[in-house]
$ cat final33.txt   # compact mmCIF, C-alpha atoms and all ligand atoms
# COMPACT_ATOMS: atom_id res chain seq x y z
CA MET Q 1 -2.58 -26.67 3.64
CA ARG Q 2 -3.51 -23.32 5.12
CA VAL Q 3 -0.91 -21.01 3.56
CA LEU Q 4 -0.51 -17.41 4.67
CA ILE Q 5 1.16 -15.27 2.00
CA LEU Q 6 2.50 -11.98 3.36
CA GLY Q 7 3.09 -9.37 0.65
CA GLY Q 8 0.48 -11.07 -1.55
CA ASP Q 9 -0.02 -8.01 -3.76
CA GLY Q 10 3.66 -7.84 -4.79
CA TYR Q 11 5.55 -8.91 -7.91
CA LEU Q 12 6.23 -12.36 -6.44
CA GLY Q 13 3.38 -12.48 -3.94
CA TRP Q 14 0.48 -12.25 -6.38
CA PRO Q 15 1.67 -15.05 -8.71
CA THR Q 16 2.40 -17.17 -5.62
CA VAL Q 17 -1.11 -16.56 -4.29
CA MET Q 18 -2.60 -17.78 -7.58
CA ASP Q 19 -0.20 -20.73 -7.85
CA MET Q 20 -0.89 -21.93 -4.31
CA ALA Q 21 -4.66 -21.53 -4.73
CA ALA Q 22 -4.53 -23.37 -8.06
CA LYS Q 23 -2.71 -26.23 -6.30
CA GLY Q 24 -5.65 -26.53 -3.89
CA HIS Q 25 -4.23 -24.83 -0.79
CA GLU Q 26 -6.37 -22.60 1.41
CA VAL Q 27 -4.69 -19.25 0.79
CA CYS Q 28 -4.83 -15.99 2.73
CA ALA Q 29 -3.11 -13.07 0.97
CA VAL Q 30 -2.01 -10.11 3.09
CA ASP Q 31 -0.74 -6.72 1.97
CA ASN Q 32 -0.85 -3.07 3.03
CA TYR Q 33 -0.03 -1.60 -0.43
CA LEU Q 34 3.31 -0.28 0.83
CA ARG Q 35 4.86 -0.99 -2.55
CA ARG Q 36 2.11 0.81 -4.47
CA ASN Q 37 2.42 3.82 -2.15
CA MET Q 38 6.22 3.99 -2.39
CA ALA Q 39 6.00 3.71 -6.17
CA GLN Q 40 3.58 6.63 -6.27
CA GLU Q 41 5.66 8.72 -3.86
CA THR Q 42 8.80 8.25 -6.00
CA SER Q 43 7.04 8.44 -9.37
CA SER Q 44 7.97 4.82 -10.11
CA GLU Q 45 4.62 3.32 -11.05
CA ALA Q 46 4.50 -0.05 -12.80
CA LEU Q 47 4.22 -0.25 -16.58
CA VAL Q 48 0.68 -1.60 -16.36
CA PRO Q 49 -1.63 -0.54 -13.50
CA ALA Q 50 -2.83 -3.60 -11.56
CA PRO Q 51 -6.31 -3.97 -10.05
CA ASN Q 52 -6.21 -3.81 -6.24
CA LEU Q 53 -5.79 -7.06 -4.30
CA HIS Q 54 -9.53 -7.59 -3.66
CA ASP Q 55 -10.26 -7.02 -7.35
CA ARG Q 56 -7.39 -9.29 -8.44
CA ALA Q 57 -8.76 -12.04 -6.21
CA GLY Q 58 -12.25 -11.48 -7.69
CA ILE Q 59 -10.94 -11.70 -11.26
CA PHE Q 60 -8.95 -14.84 -10.39
CA ARG Q 61 -12.05 -16.40 -8.87
CA SER Q 62 -14.09 -15.71 -11.98
CA VAL Q 63 -11.35 -16.96 -14.33
CA ALA Q 64 -9.99 -19.95 -12.38
CA ASP Q 65 -12.83 -20.74 -9.99
CA LYS Q 66 -10.46 -20.56 -7.00
CA ALA Q 67 -11.20 -18.48 -3.91
CA VAL Q 68 -8.50 -16.53 -2.06
CA ARG Q 69 -8.97 -14.73 1.24
CA VAL Q 70 -7.63 -11.17 1.25
CA GLU Q 71 -6.58 -9.16 4.30
CA ILE Q 72 -5.40 -5.57 3.97
CA GLY Q 73 -3.14 -4.78 6.92
CA ASP Q 74 0.36 -4.00 8.10
CA CYS Q 75 2.63 -6.93 8.98
CA ALA Q 76 4.73 -4.49 11.00
CA ASP Q 77 1.74 -4.04 13.35
CA PRO Q 78 1.93 -6.73 16.08
CA GLN Q 79 -1.80 -6.64 16.92
CA PHE Q 80 -2.78 -7.14 13.29
CA MET Q 81 -0.38 -10.05 12.84
CA GLU Q 82 -1.29 -11.79 16.09
CA ALA Q 83 -5.01 -11.59 15.31
CA LEU Q 84 -4.37 -12.93 11.82
CA PHE Q 85 -2.34 -15.92 13.05
CA GLN Q 86 -4.87 -16.61 15.80
CA ASP Q 87 -7.72 -16.65 13.29
CA PHE Q 88 -6.10 -18.33 10.25
CA ARG Q 89 -3.76 -20.74 12.13
CA PRO Q 90 -1.39 -21.09 9.17
CA GLU Q 91 0.39 -24.37 8.53
CA ALA Q 92 2.87 -22.48 6.32
CA VAL Q 93 3.76 -18.80 5.99
CA VAL Q 94 5.41 -17.37 2.87
CA HIS Q 95 6.96 -14.09 3.98
CA TYR Q 96 7.51 -11.63 1.13
CA ALA Q 97 6.28 -8.51 2.98
CA GLU Q 98 9.31 -6.25 2.93
CA GLN Q 99 10.58 -3.08 1.29
CA PRO Q 100 12.69 -4.78 -1.43
CA SER Q 101 14.56 -1.98 -3.20
CA GLY Q 102 18.26 -1.32 -2.64
CA PRO Q 103 18.12 2.15 -4.24
CA TYR Q 104 15.02 3.13 -2.21
CA SER Q 105 16.81 2.19 1.01
CA MET Q 106 19.75 4.44 -0.01
CA MET Q 107 17.68 7.56 -0.83
CA GLY Q 108 17.96 9.24 2.56
CA VAL Q 109 17.23 8.89 6.25
CA ARG Q 110 13.42 8.70 5.88
CA GLU Q 111 13.57 5.91 3.33
CA ALA Q 112 16.34 4.13 5.25
CA ARG Q 113 14.32 4.23 8.48
CA ARG Q 114 11.18 3.06 6.71
CA THR Q 115 13.06 0.12 5.18
CA PHE Q 116 14.72 -0.77 8.46
CA SER Q 117 11.64 -0.65 10.67
CA ASN Q 118 9.25 -2.18 8.15
CA ASN Q 119 11.45 -5.15 7.30
CA LEU Q 120 12.69 -5.94 10.79
CA ASP Q 121 9.28 -5.40 12.43
CA ALA Q 122 7.50 -7.57 9.86
CA THR Q 123 9.95 -10.44 10.40
CA PHE Q 124 9.88 -10.02 14.18
CA ASN Q 125 6.07 -10.14 14.13
CA VAL Q 126 6.04 -13.27 11.95
CA ILE Q 127 8.36 -14.94 14.46
CA TRP Q 128 6.38 -13.97 17.56
CA SER Q 129 2.97 -14.61 16.01
CA ALA Q 130 4.21 -18.09 15.06
CA ILE Q 131 5.65 -18.75 18.52
CA GLN Q 132 2.35 -17.77 20.17
CA PHE Q 133 -0.30 -19.07 17.78
CA ALA Q 134 1.21 -21.47 15.21
CA PRO Q 135 4.44 -22.93 16.63
CA GLU Q 136 4.41 -25.89 14.23
CA CYS Q 137 4.05 -23.81 11.07
CA HIS Q 138 6.79 -23.74 8.45
CA ILE Q 139 8.05 -20.21 7.84
CA ILE Q 140 9.31 -19.75 4.29
CA LYS Q 141 11.17 -16.47 4.27
CA LEU Q 142 12.45 -14.69 1.18
CA GLY Q 143 16.01 -13.60 1.71
CA THR Q 144 18.36 -12.48 -1.04
CA MET Q 145 21.66 -13.54 -2.57
CA GLY Q 146 22.63 -9.92 -1.93
CA GLU Q 147 23.08 -10.86 1.74
CA TYR Q 148 26.39 -12.51 0.83
CA GLY Q 149 27.65 -9.55 -1.18
CA THR Q 150 30.49 -10.33 -3.58
CA PRO Q 151 33.17 -12.08 -1.51
CA ASN Q 152 36.45 -13.13 -3.09
CA ILE Q 153 35.78 -16.80 -2.24
CA ASP Q 154 33.04 -19.23 -3.35
CA ILE Q 155 29.62 -18.51 -1.85
CA GLU Q 156 28.25 -21.58 -0.07
CA GLU Q 157 24.63 -22.41 0.58
CA GLY Q 158 23.98 -20.59 3.83
CA TRP Q 159 26.70 -22.07 6.04
CA LEU Q 160 30.48 -22.24 6.23
CA ASP Q 161 32.67 -24.75 8.12
CA VAL Q 162 35.28 -22.70 9.92
CA GLU Q 163 38.49 -24.17 11.30
CA HIS Q 164 40.27 -22.00 13.83
CA LYS Q 165 43.31 -22.92 15.91
CA GLY Q 166 42.69 -26.62 15.54
CA ARG Q 167 38.94 -26.51 16.31
CA SER Q 168 36.02 -26.29 13.89
CA GLN Q 169 32.37 -25.24 13.80
CA LYS Q 170 29.69 -24.53 11.20
CA PHE Q 171 28.55 -20.87 11.16
CA LEU Q 172 26.23 -18.80 9.01
CA TYR Q 173 28.24 -17.91 5.90
CA PRO Q 174 29.74 -14.41 6.42
CA ARG Q 175 27.47 -11.74 5.04
CA GLN Q 176 28.39 -8.25 3.88
CA ALA Q 177 25.60 -6.60 1.96
CA GLY Q 178 25.92 -3.60 -0.35
CA THR Q 179 22.76 -1.65 0.57
CA LEU Q 180 20.69 -1.01 3.68
CA TYR Q 181 17.86 -3.08 2.20
CA HIS Q 182 20.16 -6.08 1.78
CA THR Q 183 21.48 -5.47 5.30
CA THR Q 184 17.93 -5.73 6.71
CA LYS Q 185 17.77 -9.17 5.09
CA VAL Q 186 21.03 -10.13 6.83
CA LEU Q 187 19.49 -9.02 10.13
CA ASP Q 188 16.31 -11.00 9.32
CA THR Q 189 18.41 -14.13 8.86
CA ASP Q 190 20.15 -13.56 12.18
CA LEU Q 191 16.81 -13.03 13.93
CA LEU Q 192 15.35 -16.17 12.43
CA TRP Q 193 18.43 -18.22 13.34
CA PHE Q 194 18.28 -16.98 16.93
CA TYR Q 195 14.57 -17.86 17.32
CA VAL Q 196 15.05 -21.23 15.60
CA ARG Q 197 17.68 -22.05 18.21
CA ALA Q 198 15.75 -20.58 21.12
CA TYR Q 199 12.17 -21.73 20.33
CA GLY Q 200 12.52 -24.61 17.87
CA LEU Q 201 10.80 -22.84 14.97
CA ARG Q 202 10.86 -24.41 11.47
CA VAL Q 203 12.32 -21.99 8.93
CA THR Q 204 13.44 -22.06 5.31
CA ASP Q 205 15.34 -18.91 4.29
CA LEU Q 206 15.52 -18.63 0.51
CA MET Q 207 18.50 -16.59 -0.71
CA GLN Q 208 16.99 -15.46 -3.96
CA GLY Q 209 18.64 -13.70 -6.87
CA PRO Q 210 16.90 -11.09 -9.06
CA VAL Q 211 13.77 -12.53 -10.67
CA TYR Q 212 12.60 -11.80 -14.23
CA GLY Q 213 9.50 -12.64 -16.22
CA LEU Q 214 5.76 -12.07 -16.28
CA SER Q 215 4.43 -15.36 -17.49
CA THR Q 216 3.01 -18.01 -15.16
CA ALA Q 217 0.32 -20.62 -15.73
CA GLU Q 218 -2.24 -18.39 -13.99
CA SER Q 219 -1.12 -14.92 -15.13
CA ASP Q 220 -1.32 -16.13 -18.74
CA MET Q 221 -5.08 -16.75 -18.30
CA ASP Q 222 -6.08 -13.06 -18.25
CA GLU Q 223 -4.00 -9.90 -18.67
CA ARG Q 224 -5.62 -8.41 -15.56
CA LEU Q 225 -3.79 -11.14 -13.59
CA LEU Q 226 -0.31 -10.09 -14.80
CA PRO Q 227 2.38 -9.58 -12.14
CA ASN Q 228 3.58 -6.02 -11.49
CA PHE Q 229 6.30 -4.86 -13.89
CA HIS Q 230 8.49 -2.01 -12.60
CA TYR Q 231 11.13 -0.65 -14.95
CA ASP Q 232 12.39 2.45 -13.14
CA ASP Q 233 15.79 2.89 -11.50
CA ILE Q 234 14.40 2.46 -7.97
CA PHE Q 235 12.12 -0.58 -8.13
CA GLY Q 236 12.91 -2.04 -11.56
CA THR Q 237 15.55 -4.74 -11.85
CA VAL Q 238 18.34 -4.43 -14.42
CA VAL Q 239 16.57 -6.94 -16.68
CA ASN Q 240 13.33 -4.93 -16.70
CA ARG Q 241 15.19 -1.66 -17.31
CA PHE Q 242 17.06 -3.13 -20.27
CA LEU Q 243 13.87 -4.57 -21.78
CA VAL Q 244 12.10 -1.21 -21.57
CA GLN Q 245 15.12 0.74 -22.82
CA ALA Q 246 15.39 -1.62 -25.81
CA VAL Q 247 11.73 -1.07 -26.68
CA ALA Q 248 11.83 2.72 -26.08
CA GLY Q 249 14.95 3.20 -28.24
CA ILE Q 250 17.10 4.33 -25.28
CA PRO Q 251 20.64 2.87 -25.05
CA LEU Q 252 20.84 0.13 -22.40
CA THR Q 253 22.51 1.88 -19.46
CA VAL Q 254 25.28 -0.28 -18.03
CA TYR Q 255 26.45 1.08 -14.66
CA GLY Q 256 30.25 1.47 -14.83
CA LYS Q 257 32.27 -1.46 -16.17
CA GLY Q 258 29.31 -3.86 -16.19
CA GLY Q 259 31.12 -6.82 -14.65
CA GLN Q 260 28.65 -6.89 -11.71
CA THR Q 261 27.61 -10.57 -11.62
CA ARG Q 262 24.58 -12.05 -9.89
CA GLY Q 263 22.47 -15.23 -10.00
CA TYR Q 264 19.11 -14.77 -11.77
CA LEU Q 265 15.94 -16.83 -12.06
CA ASN Q 266 12.68 -16.96 -13.94
CA LEU Q 267 9.46 -16.09 -12.09
CA LYS Q 268 8.18 -19.58 -12.88
CA ASP Q 269 11.13 -20.96 -10.91
CA THR Q 270 10.37 -18.76 -7.88
CA LEU Q 271 6.96 -20.43 -7.82
CA GLN Q 272 8.56 -23.87 -8.13
CA CYS Q 273 11.11 -23.14 -5.39
CA VAL Q 274 8.51 -21.91 -2.90
CA ASP Q 275 6.33 -24.92 -3.69
CA LEU Q 276 9.29 -27.31 -3.27
CA ALA Q 277 10.14 -25.70 0.07
CA LEU Q 278 6.50 -26.03 1.16
CA LYS Q 279 6.39 -29.70 0.19
CA SER Q 280 9.53 -30.54 2.16
CA PRO Q 281 9.09 -28.86 5.55
CA VAL Q 282 12.07 -28.70 7.86
CA ASP Q 283 12.19 -30.23 11.33
CA ALA Q 284 11.48 -28.16 14.41
CA GLY Q 285 14.66 -26.32 15.39
CA ASP Q 286 16.06 -26.30 11.84
CA LEU Q 287 17.00 -23.31 9.72
CA ARG Q 288 17.41 -24.46 6.11
CA ILE Q 289 19.07 -21.99 3.77
CA LEU Q 290 18.82 -22.49 0.00
CA ASN Q 291 20.40 -20.34 -2.70
CA GLN Q 292 17.57 -19.62 -5.14
CA PHE Q 293 18.81 -18.82 -8.64
CA THR Q 294 19.47 -20.83 -11.78
CA GLU Q 295 22.12 -18.97 -13.84
CA GLN Q 296 24.75 -16.29 -13.28
CA PHE Q 297 25.11 -13.29 -15.59
CA SER Q 298 27.16 -10.11 -15.54
CA VAL Q 299 25.41 -6.84 -16.43
CA ASN Q 300 27.38 -6.78 -19.71
CA GLN Q 301 26.16 -10.29 -20.56
CA LEU Q 302 22.54 -9.27 -19.87
CA ALA Q 303 22.89 -6.18 -22.04
CA GLY Q 304 24.40 -8.34 -24.79
CA LYS Q 305 21.49 -10.80 -24.60
CA VAL Q 306 18.82 -8.09 -24.80
CA LYS Q 307 20.67 -6.40 -27.68
CA GLN Q 308 21.07 -9.63 -29.65
CA VAL Q 309 17.40 -10.59 -29.37
CA GLY Q 310 16.17 -6.99 -29.72
CA ASP Q 311 18.20 -6.47 -32.90
CA ARG Q 312 16.75 -9.63 -34.36
CA MET Q 313 13.29 -8.15 -33.67
CA GLY Q 314 14.28 -4.93 -35.47
CA LEU Q 315 14.69 -2.79 -32.35
CA ASN Q 316 18.23 -1.64 -33.20
CA VAL Q 317 19.48 -1.70 -29.60
CA ALA Q 318 22.46 0.37 -28.39
CA ILE Q 319 24.46 -0.15 -25.18
CA LYS Q 320 26.04 2.71 -23.23
CA SER Q 321 28.17 2.67 -20.09
CA ILE Q 322 27.28 5.45 -17.65
CA GLU Q 323 28.76 6.54 -14.33
CA ASN Q 324 27.80 4.03 -11.64
CA PRO Q 325 25.40 5.65 -9.13
CA ARG Q 326 26.10 2.79 -6.69
CA LYS Q 327 29.11 1.90 -4.56
CA GLU Q 328 29.89 -1.63 -5.65
CA PRO Q 329 32.70 -3.64 -7.24
CA GLU Q 330 32.27 -3.47 -11.01
CA GLU Q 331 34.57 -6.44 -11.65
CA HIS Q 332 34.78 -9.23 -9.10
CA TYR Q 333 34.92 -12.95 -8.45
CA TYR Q 334 31.51 -14.63 -8.21
CA ASN Q 335 30.83 -18.33 -7.84
CA ALA Q 336 27.79 -19.29 -5.75
CA ALA Q 337 26.61 -22.79 -4.86
CA HIS Q 338 22.97 -23.52 -5.71
CA SER Q 339 22.39 -27.26 -5.63
CA GLY Q 340 19.87 -27.51 -2.76
CA LEU Q 341 16.76 -26.63 -4.75
CA ILE Q 342 17.86 -28.76 -7.72
CA GLU Q 343 18.16 -31.68 -5.28
CA LEU Q 344 14.62 -30.95 -4.08
CA GLY Q 345 13.44 -31.25 -7.73
CA LEU Q 346 13.70 -27.76 -9.29
CA GLN Q 347 13.52 -27.90 -13.09
CA PRO Q 348 14.94 -24.56 -14.25
CA HIS Q 349 13.49 -22.32 -16.94
CA TYR Q 350 16.58 -20.64 -18.39
CA MET Q 351 16.87 -17.18 -19.97
CA THR Q 352 16.80 -18.37 -23.56
CA ASP Q 353 16.47 -16.08 -26.58
CA ASP Q 354 12.80 -17.11 -26.78
CA VAL Q 355 12.23 -16.05 -23.18
CA VAL Q 356 13.89 -12.65 -23.80
CA ALA Q 357 11.86 -12.23 -27.00
CA SER Q 358 8.59 -12.97 -25.22
CA MET Q 359 9.39 -10.43 -22.49
CA LEU Q 360 10.22 -7.82 -25.15
CA GLU Q 361 6.93 -8.60 -26.94
CA GLU Q 362 5.05 -8.09 -23.67
CA VAL Q 363 6.74 -4.69 -23.17
CA ILE Q 364 6.04 -3.71 -26.80
CA ARG Q 365 2.30 -4.22 -26.13
CA TYR Q 366 2.49 -1.46 -23.52
CA LYS Q 367 5.08 0.73 -25.29
CA ASP Q 368 2.83 3.82 -25.16
CA ARG Q 369 2.86 3.68 -21.37
CA ILE Q 370 6.67 3.89 -21.00
CA ASP Q 371 7.77 7.04 -19.18
CA GLU Q 372 11.37 7.64 -20.29
CA ARG Q 373 12.11 9.87 -17.28
CA LYS Q 374 11.93 6.81 -15.00
CA VAL Q 375 14.71 4.69 -16.50
CA LEU Q 376 17.85 6.72 -15.79
CA PRO Q 377 19.42 6.72 -12.30
CA ARG Q 378 17.82 9.19 -9.88
CA VAL Q 379 19.37 7.77 -6.69
CA LYS Q 380 23.09 7.90 -5.88
CA TRP Q 381 24.69 6.02 -3.00
CA SER Q 382 26.02 8.55 -0.43
N1 LIG B 401 11.86 -9.62 -6.98
C1 LIG B 401 13.12 -10.02 -6.84
O1 LIG B 401 13.88 -10.06 -7.81
C2 LIG B 401 13.62 -10.45 -5.49
C3 LIG B 401 14.92 -10.96 -5.38
C4 LIG B 401 15.39 -11.38 -4.15
C5 LIG B 401 14.57 -11.30 -3.03
N2 LIG B 401 13.32 -10.79 -3.15
C6 LIG B 401 12.49 -10.72 -1.94
O2 LIG B 401 11.22 -11.28 -2.21
C7 LIG B 401 10.20 -10.56 -1.52
C8 LIG B 401 9.16 -10.09 -2.51
O3 LIG B 401 9.76 -9.28 -3.49
P1 LIG B 401 8.92 -8.57 -4.62
O4 LIG B 401 9.82 -8.30 -5.75
O5 LIG B 401 7.66 -9.33 -4.84
O6 LIG B 401 8.60 -7.18 -3.92
P2 LIG B 401 7.23 -6.35 -3.93
O7 LIG B 401 7.53 -5.02 -3.35
O8 LIG B 401 6.62 -6.38 -5.26
O9 LIG B 401 6.34 -7.20 -2.93
C9 LIG B 401 6.37 -7.06 -1.55
C10 LIG B 401 4.93 -6.81 -1.11
O10 LIG B 401 4.91 -6.77 0.31
C11 LIG B 401 4.07 -5.70 0.69
N3 LIG B 401 4.52 -5.27 2.01
C12 LIG B 401 5.72 -4.73 2.36
N4 LIG B 401 5.73 -4.44 3.67
C13 LIG B 401 4.52 -4.81 4.15
C14 LIG B 401 3.93 -4.74 5.45
N5 LIG B 401 4.57 -4.22 6.48
N6 LIG B 401 2.68 -5.23 5.59
C15 LIG B 401 2.00 -5.76 4.54
N7 LIG B 401 2.50 -5.83 3.29
C16 LIG B 401 3.76 -5.35 3.12
C17 LIG B 401 4.25 -4.65 -0.37
O11 LIG B 401 3.16 -3.75 -0.42
C18 LIG B 401 4.37 -5.50 -1.63
O12 LIG B 401 3.12 -5.71 -2.25
C19 LIG B 401 10.89 -9.42 -0.80
O13 LIG B 401 11.09 -9.77 0.54
C20 LIG B 401 12.21 -9.29 -1.51
O14 LIG B 401 13.20 -8.82 -0.64
C21 LIG B 401 12.84 -10.36 -4.35
$ encode --input "final33.txt" --output "structure tokens" --more "lines below"
Ligand SMILES: NC(=O)c1ccc[n+]([C@@H]2O[C@H](COP(=O)([O-])OP(=O)(O)OC[C@H]3O[C@@H](n4cnc5c(N)ncnc54)[C@H](O)[C@@H]3O)[C@@H](O)[C@H]2O)c1
Amino acid sequence: MRVLILGGDGYLGWPTVMDMAAKGHEVCAVDNYLRRNMAQETSSEALVPAPNLHDRAGIFRSVADKAVRVEIGDCADPQFMEALFQDFRPEAVVHYAEQPSGPYSMMGVREARRTFSNNLDATFNVIWSAIQFAPECHIIKLGTMGEYGTPNIDIEEGWLDVEHKGRSQKFLYPRQAGTLYHTTKVLDTDLLWFYVRAYGLRVTDLMQGPVYGLSTAESDMDERLLPNFHYDDIFGTVVNRFLVQAVAGIPLTVYGKGGQTRGYLNLKDTLQCVDLALKSPVDAGDLRILNQFTEQFSVNQLAGKVKQVGDRMGLNVAIKSIENPRKEPEEHYYNAAHSGLIELGLQPHYMTDDVVASMLEEVIRYKDRIDERKVLPRVKWS
């Protein structure tokens, strides 16, 4: 298939580009280096500098003998997107091209506006470019479990049957996100649902939890093909921060009580999920929503896991609770359905001790590059 991957230089985008090309698809990877620029502007560079997208594609070609087309451009620019769709005529679009950091979106008005306009414009342009130039294509959009927030009832897979005064209807599950970034994803879902109803688009919206891991079949072939690894408080996930803190000898910083619970998944499973979605396209006029994670952990449980494995490796890991820079419930109910992708064939890679140990070993290789100033909170909500 002709697969257009938007955000192809990102943490998830680059491994997806390689995975799809390795599977024999004709892949076009698009990026405007927004993430690299924001990382530089906020002094949040990745642990290991990555070659640019053209160079990555060149290295992948020489290592795996697979060609990937690269386009550097802004998905928020309608002319760029329309020309791209007109030329490439994608049969599937994987849309990762957004500003994905909650803390970044909460830094101030400039960062909030940038998040808002970038994310909404990119999604709007995907929708309209598809309507005009590839109406049959399957749009696979990355949403986030953070769209649901932490409601005091079970989280369903996208939809909720509501009974009201003796009548009933299925609605989008109520969403109440905790950051502006997550709120842009809620708005994306609403936009997609509107255009699915109005124009018969085919859309899969993947509500993904935080992803961890660096190893994929292709990234393991050459260290220059490694995915980006951010460990700072703005772009790094809690797993990455804990791994780096364990290696650097800094206590693992649990925000507040540490009962914040989310669904996590291995990078290998993101690749599987996107591939499964691609292989089972939805009908025209359908919005399929799948909750994309494999296990739930609280922050305290994650810290405990990293400490247990780190101690066994001689790292002597400490855990410290610090004041929570975010506004969020620190203890709450959390039980989210996630059977849709398993039914499609997902075979999960769980966060075993071996997986944690291999991530720690990877960080240890680059220990000299750790900048300790990046791992403590620099952004406070409000
Ligand atoms: N990584 C996770 O744990 C996670 C969890 C849930 C959801 N997601 C979602 O998955 C997607 C990818 O996440 P990621 O972690 O790979 O983020 P990332 O920042 O590493 O990748 C996104 C890429 O898109 C590019 N991009 C952003 N706006 C663009 C634009 N207007 N034009 C062209 N390129 C643009 C960025 O430069 C970056 O390379 C995001 O939409 C994110 O919200 C990620």
$ residues_around --input "final33.txt" --residues "region 353-358 of chain Q" --least-positions-apart "5" --cutoff "12 Å" --atoms "only C-alpha atoms" --output "JSON, numbers by chain"
{"Q": [212, 213, 214, 215, 239, 240, 242, 243, 244, 246, 247, 265, 266, 267, 268, 302, 303, 304, 305, 306, 307, 308, 309, 310, 311, 312, 313, 314, 315, 363, 364, 365]}
$ residues_around --input "final33.txt" --residues "Gln132 (chain Q)" --least-positions-apart "5" --cutoff "12 Å" --atoms "all atoms listed in the file" --output "PyMOL selection string"
chain Q and resi 78+81-86+89+125-127+137+199+201
$ write_last_selection --input "final33.txt" --atoms "C-alpha atoms" --output "PDB file, in the frame of the given file"
ATOM      1  CA  PRO Q  78       1.930  -6.730  16.080  1.00  0.00           C
ATOM      2  CA  MET Q  81      -0.380 -10.050  12.840  1.00  0.00           C
ATOM      3  CA  GLU Q  82      -1.290 -11.790  16.090  1.00  0.00           C
ATOM      4  CA  ALA Q  83      -5.010 -11.590  15.310  1.00  0.00           C
ATOM      5  CA  LEU Q  84      -4.370 -12.930  11.820  1.00  0.00           C
ATOM      6  CA  PHE Q  85      -2.340 -15.920  13.050  1.00  0.00           C
ATOM      7  CA  GLN Q  86      -4.870 -16.610  15.800  1.00  0.00           C
ATOM      8  CA  ARG Q  89      -3.760 -20.740  12.130  1.00  0.00           C
ATOM      9  CA  ASN Q 125       6.070 -10.140  14.130  1.00  0.00           C
ATOM     10  CA  VAL Q 126       6.040 -13.270  11.950  1.00  0.00           C
ATOM     11  CA  ILE Q 127       8.360 -14.940  14.460  1.00  0.00           C
ATOM     12  CA  CYS Q 137       4.050 -23.810  11.070  1.00  0.00           C
ATOM     13  CA  TYR Q 199      12.170 -21.730  20.330  1.00  0.00           C
ATOM     14  CA  LEU Q 201      10.800 -22.840  14.970  1.00  0.00           C
TER      15      LEU Q 201
END
$ residues_around --input "final33.txt" --residues "Val375 (chain Q)" --least-positions-apart "4" --cutoff "12 Å" --atoms "all atoms listed in the file" --output "PyMOL selection string"
chain Q and resi 43-47+230-246+248-254+370-371+379
$ residues_around --input "final33.txt" --residues "Asn152 (chain Q)" --least-positions-apart "6" --cutoff "10 Å" --atoms "all atoms listed in the file" --output "list in words"
His332, Tyr333, Tyr334 and Asn335 of chain Q
$ residues_near_point --input "final33.txt" --point "(4.7, -24.6, -0.8)" --cutoff "12 Å" --atoms "all atoms listed in the file" --output "PyMOL selection string"
chain Q and resi 1-5+16-17+19-27+91-95+137-141+204+270-281
$ residues_near_ligand --input "final33.txt" --ligand "ligand LIG 401 (chain B)" --cutoff "8 Å" --atoms "all atoms listed in the file" --output "ChimeraX atom specification"
/Q:6-14,30-37,72-77,95-101,118-119,121-122,141-146,181-182,185,207-212,228,235,237
$ atom_distance --input "final33.txt" --atom1 "CA of Asp205 (chain Q)" --atom2 "CA of Trp193 (chain Q)"
9.6 Å
$ atom_distance --input "final33.txt" --atom1 "CA of Gly256 (chain Q)" --atom2 "CA of Pro377 (chain Q)"
12.3 Å
$ atom_distance --input "final33.txt" --atom1 "CA of Ala177 (chain Q)" --atom2 "CA of Thr150 (chain Q)"
8.3 Å
$ axis_aligned_box --input "final33.txt" --around "region 31-34 of chain Q" --padding-each-side "8 Å" --output "AutoDock Vina command-line options"
--center_x 1.2 --center_y -3.5 --center_z 1.3 --size_x 20.2 --size_y 22.4 --size_z 19.5
$ closest_residue --input "final33.txt" --among "Q:Tyr264, Q:Tyr104, Q:Tyr195, Q:Phe133" --to "Thr179 (chain Q)" --atoms "only C-alpha atoms"
Q:Tyr104
$ closest_residue --input "final33.txt" --among "Q:Ala337, Q:Ile59, Q:Val282, Q:Val70" --to "Leu225 (chain Q)" --atoms "only C-alpha atoms"
Q:Ile59
$ closest_residue --input "final33.txt" --among "Q:Gln301, Q:Asp286, Q:Asp269, Q:Tyr366" --to "Tyr350 (chain Q)" --atoms "all atoms listed in the file"
Q:Asp269
$ closest_residue --input "final33.txt" --among "Q:Pro103, Q:Gly285, Q:Pro329, Q:Pro174" --to "Leu192 (chain Q)" --atoms "all atoms listed in the file"
Q:Gly285
$ build_atoms --input "final33.txt" --residues "region 43-48 of chain Q" --atoms "N, CA and C atoms" --output "PDB file, in the frame of the given file"
ATOM      1  N   SER Q  43       7.345   8.401  -7.947  1.00  0.00           N
ATOM      2  CA  SER Q  43       7.040   8.440  -9.370  1.00  0.00           C
ATOM      3  C   SER Q  43       7.675   7.240 -10.090  1.00  0.00           C
ATOM      4  N   SER Q  44       7.388   6.062  -9.569  1.00  0.00           N
ATOM      5  CA  SER Q  44       7.970   4.820 -10.110  1.00  0.00           C
ATOM      6  C   SER Q  44       6.870   3.786 -10.356  1.00  0.00           C
ATOM      7  N   GLU Q  45       5.741   4.244 -10.886  1.00  0.00           N
ATOM      8  CA  GLU Q  45       4.620   3.320 -11.050  1.00  0.00           C
ATOM      9  C   GLU Q  45       4.952   2.227 -12.066  1.00  0.00           C
ATOM     10  N   ALA Q  46       4.284   1.098 -11.909  1.00  0.00           N
ATOM     11  CA  ALA Q  46       4.500  -0.050 -12.800  1.00  0.00           C
ATOM     12  C   ALA Q  46       4.052   0.287 -14.219  1.00  0.00           C
ATOM     13  N   LEU Q  47       4.553  -0.504 -15.178  1.00  0.00           N
ATOM     14  CA  LEU Q  47       4.220  -0.250 -16.580  1.00  0.00           C
ATOM     15  C   LEU Q  47       2.716  -0.379 -16.824  1.00  0.00           C
ATOM     16  N   VAL Q  48       2.112  -1.372 -16.185  1.00  0.00           N
ATOM     17  CA  VAL Q  48       0.680  -1.600 -16.360  1.00  0.00           C
ATOM     18  C   VAL Q  48       0.008  -1.504 -14.994  1.00  0.00           C
TER      19      VAL Q  48
END
